[in-house]
Every structure is written in structure tokens, then in C-alpha cells.
Amino acid sequence: MSTHHIKLTINGQAAEADVPARTLLVHFIRDTLSLTGTHIGCDTTSCGACTVLINGRPTKSCTLLAVQADGAEITTVEGLAQGGQLHAIQEGFHQCHGLQCGFCTPGMMLSSVALLKENPSPSEDEIRWGLSGNLCRCTGYVNIVKAVQYAAEKMQA
Amino acid sequence: MIPPAFDYASPTTVNEALALLGQNPDAKILAGGHSLLPMMKFRLASPALLVDINKVDGLAYIKEEGGWLKIGAMTRESEVDRSALVKQKYPLLADTARVIADPIVRNWATVGGNLAHADPANDHPATMLAYGARLVAAGPGGTREIAIGDFFVGPFTTPLEHNEILTEIRIPAHKAGDGGAYLKIERKVGDYATAAVAVQINVDSKGRCMSAGIGLTNVGLTPIRTAKAAGLLVGSSLDDATVKAAANAAAEAAEPSADNRGSEDYKRSLVRTLTTRALKTAVERAKAG
């Protein structure tokens with residue numbers, strides 16, 4: 001099996017490593033970089049718990065090879081808060097009770113951030129559509145939608 | 001789940017990619033990878049080499065040229081979904097890109113991969129059958145065109161040779177009176193279709209149907225084109241009786257098998273209903289421009 005030297009930026013920090021070809025990006029993020037906020041849920045591209053942003057676009061990191069992320073800019077949930085201040089989306093999930101167990105939350109928030117960048121004031125339908133690749137099995141989606149609306153308002157203010 | 005061991009190469013030109021495929025009989029092309037990587041995790045595929053074509057330049061575009069809408073094979077579904085040109089003139093394609101998998105998967109999934117994988121549950125095959133698309137494949141001896149009607153020769157099987165790469169999809173350029181629609185019933189976002197129907201028609205100024213194509217998703221071992229149903233429409237005024245007859249013919253052309261998405265009868269019934277509804281929408285769109 002081939003091994004590859006990759007260099008990438010993760011949450012603004014440079015990172016590089018030798019990775020075997022079959023290393024999945026999510027394992028690289030969790031095991032090599034020790035950023036365990038990115039979760040492994042279904043492991044089959046369905047649930048979205050492993051969602052990270054690659055060059056700004058939401059990606060299920062269980063379905064990408066680490067070597068494919070060579071040269072990319074990656075944002076994980078650890079990169080949302082800046083200078084000890086929660087990101088508006090994190091504040092929204094906190095204020096609106098957008099989580100119970102929190103397992104899906106990192107992926108939900110990263111998809112939301114990408115959605116709000118493209119569409120700063122989405123309708124409820126657009127939020128539900130935008131998050132339809134992320135599954136929540138406990139909170140239900142009502143408060144998640146509210147959390148995104150909270151963040152949209154806060155980011156526009 | 002970690003895929004079985006393999007070698008990985010990331011060529012930057014089509015020729016380099018073709019050379020790698022030619023040298024390695026057990027190589028697979030990695031496009032969006034959202035079918036291939038899950039298959040590898042499940043050990044349904046274990047190629048010795050992945051030839052990643054994501055860094056090959058010039059395979060992602062959507063443009064009208066020479067009477068065709070040309071789509072680069074590596075164009076992401078999300079790019080099709082965002083395309084103003086597609087939204088405005090190719091509603092059947094716009095409908096389709098919007099319901100493939102989920103929004104996150106669509107950031108990686110490619111139009112070419114969706115076709116070349118030839119999964120009867122994939123969505124673009126029915127759409128391209130309805131459009132009467134042509135596919136361009138690059139091989140060691142140059143490029144060749146394949147009519148979409150000759151492409152789905154069996155489940156997950158196409159006439160593409162091991163050392164060929166699908167590079168472009170060509171849809172006949174929009175003309176006045178064109179209209180289409182793709183309707184899909186899925187249990188939830190991200191699931192494969194229980195059944196889906198693609199319809200593309202052209203109507204003249206008097207509302208007469210000049211051409212028609214109908215494709216069916218996930219109701220057979222391959223994507224299905226229903227020439228009989230489409231033939232009933234051509235020359236008609238797309239009146240209710242003709243639409244009903246075509247919808248019945250489409251349902252008869254379906255060869256579904258019962259599974260946890262529904263019985264054979266249920267799926268045929270879906271095809272009948274979706275064909276009727278898709279035709280109604282296609283006619284409205286055709287008349288609107």
C-alpha cells in the first residue's frame with residue numbers, strides 16, 4: 001500500500017503527516033491530529049456526524065481519504081470558537097437547546113455555518129433542506145432550526 | 001470501517017490517468033468516491049490501485065456549445081444544483097441534481113460517476129435516457145461517443161473499457177417548447193428511490209407533442225427507457241387519455257422487485273402516478289418556454 005506525505009491547514013494551523021492511502025480523513029483528524037470533536041456515526045455516508053468543511057464546503061469525512069485532503073483548508077468544530085468566544089451557531093445551539101446528547105451537533109453546526117454563508121437569512125424550509133444530510137436521533141429538528149435562525153439573526157446584526 | 005489496502009495515485013491529466021489504468025488491470029477510478037469508498041469499506045470492491053481524477057484539470061464545467069449542453073464528468077451535483085443555466089433551461093436536470101443523496105454528498109458526488117457506476121438506483125441514468133444524452137469517453141486511442149441508450153448494458157455494467165474514462169455528458173441543447181421533470185419518491189433524504197420517473201418532451205406552438213423521452217429509476221436491474229410510453233405521446237395533444245395510456249405503459253415497462261421499500265405492485269403504481277405528474281409538470285414548463 002502506498003504512503004503519502006500530506007500538508008493541509010486545519011482550523012488555521014498547518015499540519016503535515018505521512019498517511020497510508022487507505023486512511024480515512026475522519027481517522028486522520030481524530031487519531032493523528034487528536035481533534036475528537038469530529039464524530040464517527042454511521043460510517044456509511046448517511047448520518048453527517050463526521051461533517052467537516054473542506055475549503056468551505058461540508059464534507060462527510062468518513063467518505064474521503066486523508067490523502068485527498070492534501071493541500072486543503074479544513075474546519076472542524078474546534079475551529080468555530082475564536083478567542084474564547086463561541087461562534088454564533090454554537091451560541092444558537094446553546095441558547096435554543098439545539099442538542100441533547102450532542103453527538104450530531106458538530107456536523108450540524110458545520111453544515112449550518114456553510115448554509116448561512118451561502119444564504120444568510122434562510123427560511124425554515126431552506127434550513128431543513130440545507131441540514132437534510134445531517135441526522136439527529138434525539139433532540140428532534142425543531143430546536144435545531146431555531147438555533148440556526150438564532151445564529152442567522154445574530155450574524156446579520 | 002477502513003477500506004482494504006490499496007495504492008493511490010493522483011494524476012493531473014486525462015492521459016496520465018489513462019496510462020495508470022492501462023498499466024494496472026485492477027485499478028479503479030476515484031471520482032466523487034461516494035459510492036466507491038462505501039463499497040470498499042464493505043469489501044464489495046477491493047481495487048489494487050485508486051486513480052483519483054479529482055485533480056485532473058478541465059473535467060468540471062457546464063456550458064452550451066454546438067447544439068449541446070456539455071457537462072464535464074467531474075462536475076459536482078452541487079454545481080449542477082447551483083447553475084443558473086441549468087435552472088433556467090434544463091429543469092429535468094435541475095430536478096434530478098436536487099434529489100441525489102443529500103446536500104453534503106452532493107458536494108462531492110459527480111454527474112459522471114453517477115452514470116459510470118450504472119447503479120439502477122442512481123438518478124442521472126433515467127434523466128439522461130429521457131434527454132437522449134450522449135456520453136464521451138477518452139481512451140488510449142482518443143475519444144468516442146456512446147449513445148445513452150447503449151450505455152446501461154446490465155446492473156453496474158457499461159460498455160466503458162477498463163482503460164477508458166467518461167469525460168463529458170452531452171444533452172441536446174434547449175429549444176423552444178422543451179420541458180421536463182424528474183419526480184422521485186424516497187423514504188427519506190439520502191435513500192435510494194423507491195421509484196422515480198424522468199420525463200422530457202417537446203411541444204409545438206399548438207401544444208402537440210413533437211418528441212418525448214421517459215426514463216425510470218430503480219424499478220429494474222438497469223435504468224429503464226420506455227420507448228412505448230414515449231411513443232404514445234408523440235403526435236398527441238398530451239390530453240388526459242393519452243397521458244393515462246403513457247403512464248400505464250411506463251408502469252408496464254417497469255420490472256421492479258419487492259423489497260423493504262415496497263411490493264412490485266406498489267412500485268408499478270408509483271411509476272404510473274409519477275409519470276402522470278411528471279408529464280403534467282413537463283407540459284407546463286414546455287408551454288412556459
# chains A, B, ... in the order shown; residues from 1 in each chain; ligands from 1
call {"tool": "select_by_dssp", "arguments": {"residues": "range 41-213 of chain B", "states": "helix (DSSP H, G or I)", "output": "ChimeraX atom specification"}}
result
/B:41,77-82,84-89,91-99,105-107,111-116,124-131,148-150
call {"tool": "closest_atom_pairs", "arguments": {"of": "chain A", "to": "chain B", "cutoff": "8 Å", "atoms": "only C-alpha atoms", "output": "Markdown table"}}
result
| residue | atom | partner | partner_atom | distance |
| --- | --- | --- | --- | --- |
| A:Met1 | CA | B:Asp7 | CA | 4.9 |
| A:Ser2 | CA | B:Asp7 | CA | 4.8 |
| A:Ala21 | CA | B:Tyr8 | CA | 5.9 |
| A:Arg22 | CA | B:Ala5 | CA | 6.0 |
| A:Thr23 | CA | B:Ile2 | CA | 7.2 |
| A:Leu24 | CA | B:Ile2 | CA | 7.2 |
| A:Asp43 | CA | B:Met1 | CA | 6.7 |
| A:Thr44 | CA | B:Pro38 | CA | 6.0 |
| A:Thr45 | CA | B:His34 | CA | 7.5 |
| A:Ser46 | CA | B:Gly190 | CA | 6.9 |
| A:Gly48 | CA | B:Ile104 | CA | 7.9 |
| A:Arg57 | CA | B:Asn107 | CA | 6.9 |
| A:Pro58 | CA | B:Ile104 | CA | 5.6 |
| A:Thr59 | CA | B:Ile104 | CA | 5.7 |
| A:Lys60 | CA | B:Ile104 | CA | 6.8 |
| A:Thr63 | CA | B:Leu37 | CA | 6.2 |
| A:Leu64 | CA | B:Gly33 | CA | 7.5 |
| A:Ser111 | CA | B:Ile104 | CA | 8.0 |
| A:Trp129 | CA | B:Pro103 | CA | 7.9 |
| A:Gly130 | CA | B:Pro103 | CA | 6.5 |
| A:Leu131 | CA | B:Pro103 | CA | 7.6 |
| A:Ser132 | CA | B:Asp102 | CA | 6.3 |
| A:Gly133 | CA | B:Asp102 | CA | 4.9 |
call {"tool": "residues_around", "arguments": {"residues": "Gln149 in chain A", "least_positions_apart": "4", "cutoff": "12 Å", "atoms": "only C-alpha atoms", "output": "PyMOL selection string"}}
result
chain A and resi 88-93+95-96+98+112-113+115-116+119-128+142-145+153-156
call {"tool": "write_last_selection", "arguments": {"atoms": "N, CA, C and O atoms", "output": "compact mmCIF listing (two decimals), in the first residue's frame"}}
result
# COMPACT_ATOMS: atom_id res chain seq x y z
N ALA A 88 -21.45 32.21 16.59
CA ALA A 88 -22.90 32.47 16.70
C ALA A 88 -23.71 31.17 16.62
O ALA A 88 -24.74 31.03 17.30
N ILE A 89 -23.24 30.23 15.83
CA ILE A 89 -24.01 28.98 15.70
C ILE A 89 -23.92 28.17 16.99
O ILE A 89 -24.89 27.53 17.40
N GLN A 90 -22.76 28.21 17.63
CA GLN A 90 -22.62 27.50 18.91
C GLN A 90 -23.52 28.14 19.96
O GLN A 90 -24.20 27.46 20.73
N GLU A 91 -23.51 29.46 19.97
CA GLU A 91 -24.38 30.18 20.90
C GLU A 91 -25.84 29.83 20.63
O GLU A 91 -26.63 29.63 21.55
N GLY A 92 -26.19 29.74 19.34
CA GLY A 92 -27.57 29.40 18.98
C GLY A 92 -27.98 28.03 19.50
O GLY A 92 -29.05 27.86 20.08
N PHE A 93 -27.11 27.03 19.32
CA PHE A 93 -27.43 25.68 19.81
C PHE A 93 -27.55 25.69 21.33
O PHE A 93 -28.38 24.99 21.89
N GLN A 95 -28.32 28.42 23.32
CA GLN A 95 -29.48 29.22 23.75
C GLN A 95 -30.82 28.54 23.42
O GLN A 95 -31.77 28.66 24.17
N CYS A 96 -30.89 27.85 22.29
CA CYS A 96 -32.17 27.31 21.82
C CYS A 96 -32.33 25.83 22.17
O CYS A 96 -33.25 25.18 21.68
N GLY A 98 -30.51 23.29 21.20
CA GLY A 98 -30.43 22.58 19.92
C GLY A 98 -29.76 21.21 20.04
O GLY A 98 -29.46 20.59 19.03
N SER A 112 -24.50 24.08 9.12
CA SER A 112 -25.22 25.34 9.31
C SER A 112 -24.36 26.53 8.93
O SER A 112 -24.83 27.49 8.29
N VAL A 113 -23.09 26.50 9.34
CA VAL A 113 -22.18 27.60 9.02
C VAL A 113 -22.06 27.77 7.51
O VAL A 113 -22.12 28.89 6.97
N LEU A 115 -24.25 26.76 5.27
CA LEU A 115 -25.56 27.20 4.78
C LEU A 115 -25.70 28.71 4.94
O LEU A 115 -26.12 29.42 4.01
N LEU A 116 -25.35 29.22 6.12
CA LEU A 116 -25.53 30.65 6.40
C LEU A 116 -24.58 31.51 5.58
O LEU A 116 -24.87 32.66 5.29
N ASN A 119 -26.44 31.51 2.27
CA ASN A 119 -27.79 32.06 2.39
C ASN A 119 -27.95 32.63 3.81
O ASN A 119 -28.37 31.93 4.71
N PRO A 120 -27.61 33.91 3.99
CA PRO A 120 -27.54 34.48 5.34
C PRO A 120 -28.88 34.54 6.07
O PRO A 120 -28.89 34.59 7.29
N SER A 121 -29.99 34.56 5.35
CA SER A 121 -31.27 34.53 6.07
C SER A 121 -32.21 33.49 5.47
O SER A 121 -33.17 33.82 4.78
N PRO A 122 -31.92 32.23 5.75
CA PRO A 122 -32.72 31.15 5.16
C PRO A 122 -34.08 31.03 5.83
O PRO A 122 -34.25 31.34 7.00
N SER A 123 -35.05 30.57 5.04
CA SER A 123 -36.38 30.25 5.59
C SER A 123 -36.27 28.93 6.35
O SER A 123 -35.26 28.21 6.25
N GLU A 124 -37.32 28.61 7.10
CA GLU A 124 -37.30 27.33 7.82
C GLU A 124 -37.11 26.16 6.84
O GLU A 124 -36.32 25.24 7.09
N ASP A 125 -37.82 26.22 5.71
CA ASP A 125 -37.69 25.14 4.72
C ASP A 125 -36.25 25.03 4.21
O ASP A 125 -35.73 23.94 4.02
N GLU A 126 -35.65 26.19 3.97
CA GLU A 126 -34.27 26.17 3.46
C GLU A 126 -33.30 25.62 4.50
O GLU A 126 -32.33 24.94 4.15
N ILE A 127 -33.56 25.91 5.77
CA ILE A 127 -32.71 25.35 6.83
C ILE A 127 -32.88 23.83 6.87
O ILE A 127 -31.90 23.08 6.89
N ARG A 128 -34.12 23.37 6.83
CA ARG A 128 -34.35 21.92 6.88
C ARG A 128 -33.73 21.24 5.66
O ARG A 128 -33.16 20.15 5.76
N VAL A 142 -36.71 20.62 15.59
CA VAL A 142 -37.37 21.91 15.82
C VAL A 142 -36.39 22.90 16.45
O VAL A 142 -36.22 24.03 15.98
N ASN A 143 -35.72 22.46 17.50
CA ASN A 143 -34.80 23.38 18.18
C ASN A 143 -33.52 23.61 17.40
O ASN A 143 -32.86 24.64 17.56
N ILE A 144 -33.18 22.64 16.57
CA ILE A 144 -32.01 22.83 15.70
C ILE A 144 -32.30 23.96 14.70
O ILE A 144 -31.47 24.84 14.46
N VAL A 145 -33.50 23.93 14.14
CA VAL A 145 -33.90 25.00 13.21
C VAL A 145 -33.86 26.34 13.94
O VAL A 145 -33.34 27.34 13.42
N GLU A 153 -29.78 35.52 12.72
CA GLU A 153 -30.10 36.87 13.19
C GLU A 153 -28.87 37.52 13.83
O GLU A 153 -28.56 38.67 13.55
N LYS A 154 -28.18 36.75 14.63
CA LYS A 154 -27.02 37.30 15.33
C LYS A 154 -25.92 37.71 14.32
O LYS A 154 -25.27 38.75 14.48
N MET A 155 -25.74 36.87 13.29
CA MET A 155 -24.66 37.16 12.33
C MET A 155 -25.01 38.35 11.44
O MET A 155 -24.13 38.99 10.88
N GLN A 156 -26.31 38.62 11.30
CA GLN A 156 -26.72 39.77 10.48
C GLN A 156 -26.71 41.06 11.27
O GLN A 156 -26.68 42.15 10.70
call {"tool": "residues_around", "arguments": {"residues": "Gly142 in chain B", "least_positions_apart": "4", "cutoff": "10 Å", "atoms": "only C-alpha atoms", "output": "PyMOL selection string"}}
result
chain B and resi 15+137-138+164
call {"tool": "select_by_dssp", "arguments": {"residues": "chain A", "states": "strand (DSSP E)", "output": "PyMOL selection string"}}
result
chain A and resi 3-10+13-20+51-54+57-60+73-75
call {"tool": "atom_distance", "arguments": {"atom1": "CA of Leu53 in chain A", "atom2": "CA of Asp123 in chain B"}}
result
25.8 Å
call {"tool": "residues_around", "arguments": {"residues": "Arg261 in chain B", "least_positions_apart": "5", "cutoff": "12 Å", "atoms": "only C-alpha atoms", "output": "list in words"}}
result
Ile185, Glu186, Arg187, Lys188, Asp191, Tyr192, Ala193, Thr194, Ala195, Asn218, Val219, Pro256, Tyr266, Lys267 and Leu270 of chain B
call {"tool": "residues_around", "arguments": {"residues": "Glu145 in chain B", "least_positions_apart": "5", "cutoff": "10 Å", "atoms": "only C-alpha atoms", "output": "list of chain:residue names"}}
result
B:Arg134, B:Leu135, B:Val136, B:Ala137, B:Ala138, B:Leu166, B:Glu168, B:Ile169, B:Arg170
call {"tool": "write_last_selection", "arguments": {"atoms": "N, CA, C and O atoms", "output": "short mmCIF file (atom, residue, chain, number, x, y, z; two decimals), in the first residue's frame"}}
result
data_model
loop_
_atom_site.label_atom_id
_atom_site.label_comp_id
_atom_site.auth_asym_id
_atom_site.auth_seq_id
_atom_site.Cartn_x
_atom_site.Cartn_y
_atom_site.Cartn_z
N ARG B 134 -25.72 11.90 -24.93
CA ARG B 134 -24.57 11.17 -25.46
C ARG B 134 -23.41 11.33 -24.49
O ARG B 134 -23.27 12.37 -23.86
N LEU B 135 -22.63 10.28 -24.37
CA LEU B 135 -21.51 10.29 -23.42
C LEU B 135 -20.20 10.22 -24.19
O LEU B 135 -20.09 9.50 -25.18
N VAL B 136 -19.23 10.99 -23.71
CA VAL B 136 -17.92 10.99 -24.36
C VAL B 136 -16.94 10.27 -23.44
O VAL B 136 -16.85 10.58 -22.25
N ALA B 137 -16.24 9.29 -24.00
CA ALA B 137 -15.24 8.55 -23.22
C ALA B 137 -13.88 8.73 -23.88
O ALA B 137 -13.75 8.67 -25.10
N ALA B 138 -12.87 8.96 -23.03
CA ALA B 138 -11.49 9.06 -23.52
C ALA B 138 -10.79 7.73 -23.28
O ALA B 138 -10.95 7.12 -22.22
N LEU B 166 -14.90 8.21 -18.65
CA LEU B 166 -16.01 9.06 -19.08
C LEU B 166 -15.61 10.51 -18.81
O LEU B 166 -15.23 10.86 -17.69
N GLU B 168 -17.30 13.46 -20.60
CA GLU B 168 -18.31 14.50 -20.85
C GLU B 168 -19.68 13.89 -21.12
O GLU B 168 -19.78 12.80 -21.69
N ILE B 169 -20.69 14.62 -20.68
CA ILE B 169 -22.08 14.23 -20.95
C ILE B 169 -22.68 15.32 -21.82
O ILE B 169 -22.52 16.51 -21.52
N ARG B 170 -23.34 14.92 -22.90
CA ARG B 170 -23.94 15.90 -23.82
C ARG B 170 -25.45 15.72 -23.86
O ARG B 170 -25.94 14.64 -24.20
#
